[in-house]
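Raw query_1.pdb, PDB, C-alpha atoms and all ligand atoms:
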```
ATOM      1  CA  MET Y   1     -72.844 176.422  42.782  1.00  0.00           C
ATOM      2  CA  ASN Y   2     -72.731 173.102  44.639  1.00  0.00           C
ATOM      3  CA  LYS Y   3     -73.864 170.124  42.589  1.00  0.00           C
ATOM      4  CA  LYS Y   4     -76.974 168.359  43.821  1.00  0.00           C
ATOM      5  CA  THR Y   5     -76.468 165.198  45.863  1.00  0.00           C
ATOM      6  CA  ILE Y   6     -78.214 162.272  44.209  1.00  0.00           C
ATOM      7  CA  VAL Y   7     -79.520 159.313  46.209  1.00  0.00           C
ATOM      8  CA  LEU Y   8     -79.758 156.059  44.247  1.00  0.00           C
ATOM      9  CA  ALA Y   9     -81.468 152.733  44.927  1.00  0.00           C
ATOM     10  CA  SER Y  10     -82.522 149.736  42.863  1.00  0.00           C
ATOM     11  CA  ASP Y  11     -83.644 146.142  42.977  1.00  0.00           C
ATOM     12  CA  HIS Y  12     -81.729 143.349  41.208  1.00  0.00           C
ATOM     13  CA  ALA Y  13     -83.218 144.197  37.798  1.00  0.00           C
ATOM     14  CA  GLY Y  14     -82.221 147.831  38.129  1.00  0.00           C
ATOM     15  CA  TYR Y  15     -78.818 147.136  39.662  1.00  0.00           C
ATOM     16  CA  PRO Y  16     -76.706 147.303  36.456  1.00  0.00           C
ATOM     17  CA  LEU Y  17     -78.374 150.586  35.448  1.00  0.00           C
ATOM     18  CA  LYS Y  18     -77.947 152.037  38.940  1.00  0.00           C
ATOM     19  CA  GLN Y  19     -74.243 151.222  38.836  1.00  0.00           C
ATOM     20  CA  ALA Y  20     -73.861 152.783  35.383  1.00  0.00           C
ATOM     21  CA  LEU Y  21     -75.711 155.955  36.399  1.00  0.00           C
ATOM     22  CA  LYS Y  22     -73.773 156.214  39.647  1.00  0.00           C
ATOM     23  CA  ALA Y  23     -70.496 156.135  37.693  1.00  0.00           C
ATOM     24  CA  ARG Y  24     -71.727 158.772  35.241  1.00  0.00           C
ATOM     25  CA  LEU Y  25     -73.048 161.010  38.008  1.00  0.00           C
ATOM     26  CA  GLU Y  26     -69.760 160.854  39.883  1.00  0.00           C
ATOM     27  CA  GLU Y  27     -67.834 161.519  36.673  1.00  0.00           C
ATOM     28  CA  ALA Y  28     -70.020 164.604  36.164  1.00  0.00           C
ATOM     29  CA  GLY Y  29     -69.242 165.792  39.713  1.00  0.00           C
ATOM     30  CA  TYR Y  30     -72.494 164.883  41.478  1.00  0.00           C
ATOM     31  CA  PRO Y  31     -72.065 163.435  44.976  1.00  0.00           C
ATOM     32  CA  THR Y  32     -74.034 160.177  45.240  1.00  0.00           C
ATOM     33  CA  VAL Y  33     -75.524 158.170  48.110  1.00  0.00           C
ATOM     34  CA  ASP Y  34     -76.122 154.509  47.244  1.00  0.00           C
ATOM     35  CA  MET Y  35     -78.851 152.746  49.231  1.00  0.00           C
ATOM     36  CA  GLY Y  36     -78.403 149.391  47.458  1.00  0.00           C
ATOM     37  CA  THR Y  37     -79.050 146.780  46.325  1.00  0.00           C
ATOM     38  CA  ASP Y  38     -75.485 145.594  45.885  1.00  0.00           C
ATOM     39  CA  SER Y  39     -75.819 142.762  43.380  1.00  0.00           C
ATOM     40  CA  THR Y  40     -78.107 141.121  40.842  1.00  0.00           C
ATOM     41  CA  ALA Y  41     -79.360 138.654  43.479  1.00  0.00           C
ATOM     42  CA  SER Y  42     -83.158 138.689  43.539  1.00  0.00           C
ATOM     43  CA  CYS Y  43     -84.682 141.127  46.031  1.00  0.00           C
ATOM     44  CA  ASP Y  44     -87.896 143.118  46.579  1.00  0.00           C
ATOM     45  CA  TYR Y  45     -88.159 146.564  44.976  1.00  0.00           C
ATOM     46  CA  PRO Y  46     -90.486 148.103  47.648  1.00  0.00           C
ATOM     47  CA  VAL Y  47     -87.747 147.577  50.235  1.00  0.00           C
ATOM     48  CA  TYR Y  48     -85.273 149.621  48.207  1.00  0.00           C
ATOM     49  CA  ALA Y  49     -87.869 152.214  47.220  1.00  0.00           C
ATOM     50  CA  GLU Y  50     -88.436 152.822  50.925  1.00  0.00           C
ATOM     51  CA  LEU Y  51     -84.717 152.911  51.784  1.00  0.00           C
ATOM     52  CA  GLY Y  52     -84.092 155.484  49.058  1.00  0.00           C
ATOM     53  CA  CYS Y  53     -87.119 157.619  49.958  1.00  0.00           C
ATOM     54  CA  ARG Y  54     -86.336 157.665  53.690  1.00  0.00           C
ATOM     55  CA  LYS Y  55     -82.765 158.725  52.956  1.00  0.00           C
ATOM     56  CA  LEU Y  56     -83.999 161.536  50.689  1.00  0.00           C
ATOM     57  CA  LEU Y  57     -86.625 162.725  53.189  1.00  0.00           C
ATOM     58  CA  GLU Y  58     -84.164 162.788  56.083  1.00  0.00           C
ATOM     59  CA  GLY Y  59     -82.051 165.222  54.041  1.00  0.00           C
ATOM     60  CA  GLY Y  60     -79.505 162.717  52.769  1.00  0.00           C
ATOM     61  CA  GLY Y  61     -79.710 164.144  49.251  1.00  0.00           C
ATOM     62  CA  ASP Y  62     -81.525 166.535  46.917  1.00  0.00           C
ATOM     63  CA  LEU Y  63     -83.124 164.082  44.490  1.00  0.00           C
ATOM     64  CA  LEU Y  64     -83.576 160.311  44.289  1.00  0.00           C
ATOM     65  CA  ILE Y  65     -83.228 157.975  41.331  1.00  0.00           C
ATOM     66  CA  LEU Y  66     -84.838 154.531  41.627  1.00  0.00           C
ATOM     67  CA  CYS Y  67     -84.205 151.739  39.123  1.00  0.00           C
ATOM     68  CA  CYS Y  68     -86.107 148.481  38.707  1.00  0.00           C
ATOM     69  CA  GLY Y  69     -87.129 146.433  35.677  1.00  0.00           C
ATOM     70  CA  THR Y  70     -89.877 148.765  34.493  1.00  0.00           C
ATOM     71  CA  GLY Y  71     -89.577 151.708  36.881  1.00  0.00           C
ATOM     72  CA  VAL Y  72     -93.281 151.227  37.576  1.00  0.00           C
ATOM     73  CA  GLY Y  73     -93.099 149.144  40.743  1.00  0.00           C
ATOM     74  CA  MET Y  74     -90.581 151.557  42.228  1.00  0.00           C
ATOM     75  CA  SER Y  75     -92.820 154.542  41.437  1.00  0.00           C
ATOM     76  CA  MET Y  76     -95.889 152.840  42.931  1.00  0.00           C
ATOM     77  CA  ALA Y  77     -94.030 152.035  46.146  1.00  0.00           C
ATOM     78  CA  ALA Y  78     -92.327 155.443  46.405  1.00  0.00           C
ATOM     79  CA  ASN Y  79     -95.583 157.359  45.909  1.00  0.00           C
ATOM     80  CA  LYS Y  80     -97.053 155.669  49.004  1.00  0.00           C
ATOM     81  CA  ILE Y  81     -94.574 157.571  51.167  1.00  0.00           C
ATOM     82  CA  ARG Y  82     -95.596 160.998  52.439  1.00  0.00           C
ATOM     83  CA  GLY Y  83     -93.582 163.789  50.874  1.00  0.00           C
ATOM     84  CA  ILE Y  84     -92.611 161.781  47.810  1.00  0.00           C
ATOM     85  CA  ARG Y  85     -93.551 162.757  44.273  1.00  0.00           C
ATOM     86  CA  ALA Y  86     -92.105 160.028  42.069  1.00  0.00           C
ATOM     87  CA  ALA Y  87     -92.292 159.986  38.274  1.00  0.00           C
ATOM     88  CA  CYS Y  88     -91.584 156.975  36.093  1.00  0.00           C
ATOM     89  CA  CYS Y  89     -90.213 158.381  32.828  1.00  0.00           C
ATOM     90  CA  SER Y  90     -88.873 156.978  29.592  1.00  0.00           C
ATOM     91  CA  ASP Y  91     -88.903 160.200  27.556  1.00  0.00           C
ATOM     92  CA  VAL Y  92     -86.855 163.319  28.165  1.00  0.00           C
ATOM     93  CA  TYR Y  93     -89.818 165.708  27.848  1.00  0.00           C
ATOM     94  CA  SER Y  94     -91.590 164.057  30.795  1.00  0.00           C
ATOM     95  CA  ALA Y  95     -88.404 163.902  32.865  1.00  0.00           C
ATOM     96  CA  ARG Y  96     -87.998 167.662  32.353  1.00  0.00           C
ATOM     97  CA  TYR Y  97     -91.624 168.647  32.881  1.00  0.00           C
ATOM     98  CA  THR Y  98     -92.121 166.522  35.956  1.00  0.00           C
ATOM     99  CA  ARG Y  99     -89.549 168.809  37.599  1.00  0.00           C
ATOM    100  CA  LEU Y 100     -90.917 172.023  36.049  1.00  0.00           C
ATOM    101  CA  HIS Y 101     -94.603 171.393  36.771  1.00  0.00           C
ATOM    102  CA  ASN Y 102     -94.861 168.592  39.377  1.00  0.00           C
ATOM    103  CA  ASP Y 103     -91.755 169.333  41.469  1.00  0.00           C
ATOM    104  CA  ALA Y 104     -91.017 165.602  41.353  1.00  0.00           C
ATOM    105  CA  ASN Y 105     -88.308 164.601  43.803  1.00  0.00           C
ATOM    106  CA  VAL Y 106     -87.882 161.032  42.578  1.00  0.00           C
ATOM    107  CA  LEU Y 107     -87.155 159.732  39.068  1.00  0.00           C
ATOM    108  CA  CYS Y 108     -87.959 156.067  38.447  1.00  0.00           C
ATOM    109  CA  LEU Y 109     -86.303 154.281  35.549  1.00  0.00           C
ATOM    110  CA  GLY Y 110     -86.914 150.902  33.956  1.00  0.00           C
ATOM    111  CA  ALA Y 111     -83.668 149.115  33.240  1.00  0.00           C
ATOM    112  CA  ARG Y 112     -85.547 146.734  30.939  1.00  0.00           C
ATOM    113  CA  VAL Y 113     -87.198 149.663  29.157  1.00  0.00           C
ATOM    114  CA  VAL Y 114     -84.534 152.289  28.554  1.00  0.00           C
ATOM    115  CA  GLY Y 115     -80.905 151.869  27.522  1.00  0.00           C
ATOM    116  CA  GLU Y 116     -78.057 153.406  29.462  1.00  0.00           C
ATOM    117  CA  GLY Y 117     -77.685 156.355  27.079  1.00  0.00           C
ATOM    118  CA  LEU Y 118     -81.330 157.383  27.287  1.00  0.00           C
ATOM    119  CA  ALA Y 119     -81.343 156.780  31.038  1.00  0.00           C
ATOM    120  CA  TRP Y 120     -78.486 159.249  31.409  1.00  0.00           C
ATOM    121  CA  ASP Y 121     -80.322 161.853  29.288  1.00  0.00           C
ATOM    122  CA  LEU Y 122     -83.396 161.370  31.508  1.00  0.00           C
ATOM    123  CA  CYS Y 123     -81.273 161.861  34.636  1.00  0.00           C
ATOM    124  CA  GLU Y 124     -79.604 164.974  33.260  1.00  0.00           C
ATOM    125  CA  ALA Y 125     -82.946 166.520  32.284  1.00  0.00           C
ATOM    126  CA  PHE Y 126     -84.413 165.686  35.693  1.00  0.00           C
ATOM    127  CA  ILE Y 127     -81.461 166.898  37.748  1.00  0.00           C
ATOM    128  CA  THR Y 128     -80.767 170.144  35.902  1.00  0.00           C
ATOM    129  CA  THR Y 129     -84.379 171.373  35.733  1.00  0.00           C
ATOM    130  CA  GLU Y 130     -85.893 173.467  38.535  1.00  0.00           C
ATOM    131  CA  PHE Y 131     -89.534 173.690  39.626  1.00  0.00           C
ATOM    132  CA  GLU Y 132     -91.327 176.603  37.969  1.00  0.00           C
ATOM    133  CA  GLY Y 133     -93.585 177.416  40.949  1.00  0.00           C
ATOM    134  CA  GLY Y 134     -96.477 179.862  40.377  1.00  0.00           C
ATOM    135  CA  LYS Y 135     -99.732 178.140  39.451  1.00  0.00           C
ATOM    136  CA  HIS Y 136     -97.899 174.824  39.555  1.00  0.00           C
ATOM    137  CA  ALA Y 137     -97.193 175.278  43.271  1.00  0.00           C
ATOM    138  CA  ARG Y 138    -100.947 175.391  43.912  1.00  0.00           C
ATOM    139  CA  ARG Y 139    -101.441 172.181  41.960  1.00  0.00           C
ATOM    140  CA  VAL Y 140     -98.569 170.409  43.696  1.00  0.00           C
ATOM    141  CA  GLY Y 141    -100.154 171.566  46.975  1.00  0.00           C
ATOM    142  CA  LEU Y 142    -103.384 169.927  45.875  1.00  0.00           C
ATOM    143  CA  ILE Y 143    -101.500 166.678  45.218  1.00  0.00           C
ATOM    144  CA  MET Y 144    -100.007 166.797  48.683  1.00  0.00           C
ATOM    145  CA  ASP Y 145    -103.445 167.550  50.209  1.00  0.00           C
ATOM    146  CA  LEU Y 146    -104.539 164.146  48.938  1.00  0.00           C
ATOM    147  CA  GLU Y 147    -102.141 162.542  51.430  1.00  0.00           C
ATOM    148  CA  GLU Y 148    -104.019 164.255  54.283  1.00  0.00           C
ATOM    149  CA  LYS Y 149    -107.490 163.670  52.822  1.00  0.00           C
ATOM    150  CA  ASP Y 150    -106.828 159.985  52.482  1.00  0.00           C
ATOM    151  CA  ARG Y 151    -105.987 159.708  56.174  1.00  0.00           C
ATOM    152  CA  GLU Y 152    -109.401 161.036  57.215  1.00  0.00           C
TER     153      GLU Y 152
HETATM  154  C1  LIG T 201     -88.404 142.225  38.940  1.00  0.00           C
HETATM  155  O1  LIG T 201     -88.501 141.088  38.162  1.00  0.00           O
HETATM  156  C2  LIG T 201     -89.400 143.275  38.438  1.00  0.00           C
HETATM  157  O2  LIG T 201     -90.693 142.850  38.720  1.00  0.00           O
HETATM  158  C3  LIG T 201     -89.115 144.612  39.075  1.00  0.00           C
HETATM  159  O3  LIG T 201     -87.813 144.979  38.829  1.00  0.00           O
HETATM  160  C4  LIG T 201     -89.953 145.775  38.574  1.00  0.00           C
HETATM  161  O4  LIG T 201     -89.980 145.831  37.199  1.00  0.00           O
HETATM  162  C5  LIG T 201     -91.278 145.923  39.172  1.00  0.00           C
HETATM  163  O5  LIG T 201     -92.036 146.848  38.858  1.00  0.00           O
END
```
What's the structure tokens form of this structure?
Amino acid sequence: MNKKTIVLASDHAGYPLKQALKARLEEAGYPTVDMGTDSTASCDYPVYAELGCRKLLEGGGDLLILCCGTGVGMSMAANKIRGIRAACCSDVYSARYTRLHNDANVLCLGARVVGEGLAWDLCEAFITTEFEGGKHARRVGLIMDLEEKDRE
């Protein structure tokens, strides 16, 4: 089976973690698409959240990993974009269940919160877990309905 393609993006605070995860993903055989940033020079996380999300939604990859200082700003920005279900996780159980139950397509990580080892475990759990469907599909549908409702 083909390995999932993973899109990555970060701000300056998440840059070192993004680079570390990119190397580990490639070592594990996952194709990656890097949407920046390219250094630790200060930049704005919503810009990179959007770049990563647009790339994912245009079919440039299967899942997206966003890194910033806390993971929170990235998840707030990403969840404003239609079609995105982003989860900020710092425990493996949540990283697994947000795929199983929420069909999350974006994992947000805080480089100032989790170490590289835990971050990799979170990525592995997220990437290797599939959506369970069933009653969870109805609930995910209800989440997505909120996007429409809020436009009315
Ligand atoms: C940058 O200092 C920091 O605010 C950002 O990386 C992120 O943590 C925001 O949520």
Next on the checklist: For the provided coordinates, the residues matched by the PyMOL selection byres (((chain Y and resi 48) around 7) and not hetatm) should be stated as an MDAnalysis selection string.
Outcome noted: chainID Y and resid 9:11 36 45:47 49:52
Checklist entry - Which one of Y:Val92, Y:Met35, Y:Ile84, Y:Val113 sits closest to ligand LIG 201 (chain T) if you count all atoms listed in the file? => result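 Checking each candidate against ligand LIG 201 (chain T), we get Y:Val113 as the closest.
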Item to check | Neighbour list for Ala23 in chain Y as a count of residues only, cut-off 12 Å, all atoms listed in the file, skip fewer than 2 positions in-chain | outcome: 20
Find the residues near ligand LIG 201 (chain T). Use a cut-off of 8 Å, count all atoms listed in the file, and write them as an mmCIF file with C-alpha atoms, in the frame of the given file.
```
data_model
loop_
_atom_site.group_PDB
_atom_site.id
_atom_site.type_symbol
_atom_site.label_atom_id
_atom_site.label_comp_id
_atom_site.auth_asym_id
_atom_site.auth_seq_id
_atom_site.Cartn_x
_atom_site.Cartn_y
_atom_site.Cartn_z
ATOM 1 C CA ASP Y 11 -83.644 146.142 42.977
ATOM 2 C CA HIS Y 12 -81.729 143.349 41.208
ATOM 3 C CA ALA Y 13 -83.218 144.197 37.798
ATOM 4 C CA GLY Y 14 -82.221 147.831 38.129
ATOM 5 C CA SER Y 42 -83.158 138.689 43.539
ATOM 6 C CA ASP Y 44 -87.896 143.118 46.579
ATOM 7 C CA TYR Y 45 -88.159 146.564 44.976
ATOM 8 C CA CYS Y 67 -84.205 151.739 39.123
ATOM 9 C CA CYS Y 68 -86.107 148.481 38.707
ATOM 10 C CA GLY Y 69 -87.129 146.433 35.677
ATOM 11 C CA THR Y 70 -89.877 148.765 34.493
ATOM 12 C CA GLY Y 71 -89.577 151.708 36.881
ATOM 13 C CA VAL Y 72 -93.281 151.227 37.576
ATOM 14 C CA GLY Y 73 -93.099 149.144 40.743
ATOM 15 C CA MET Y 74 -90.581 151.557 42.228
ATOM 16 C CA GLY Y 110 -86.914 150.902 33.956
ATOM 17 C CA ARG Y 112 -85.547 146.734 30.939
#
```
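Using all atoms listed in the file, the protein and nucleic acid residues lying no more than 8 Å from Val106 in chain Y, apart from those fewer than 3 places from it along its own chain, are Leu63, Leu64, Ile65, Leu66, Ile84, Arg85, Ala86 and Ala87 of chain Y.
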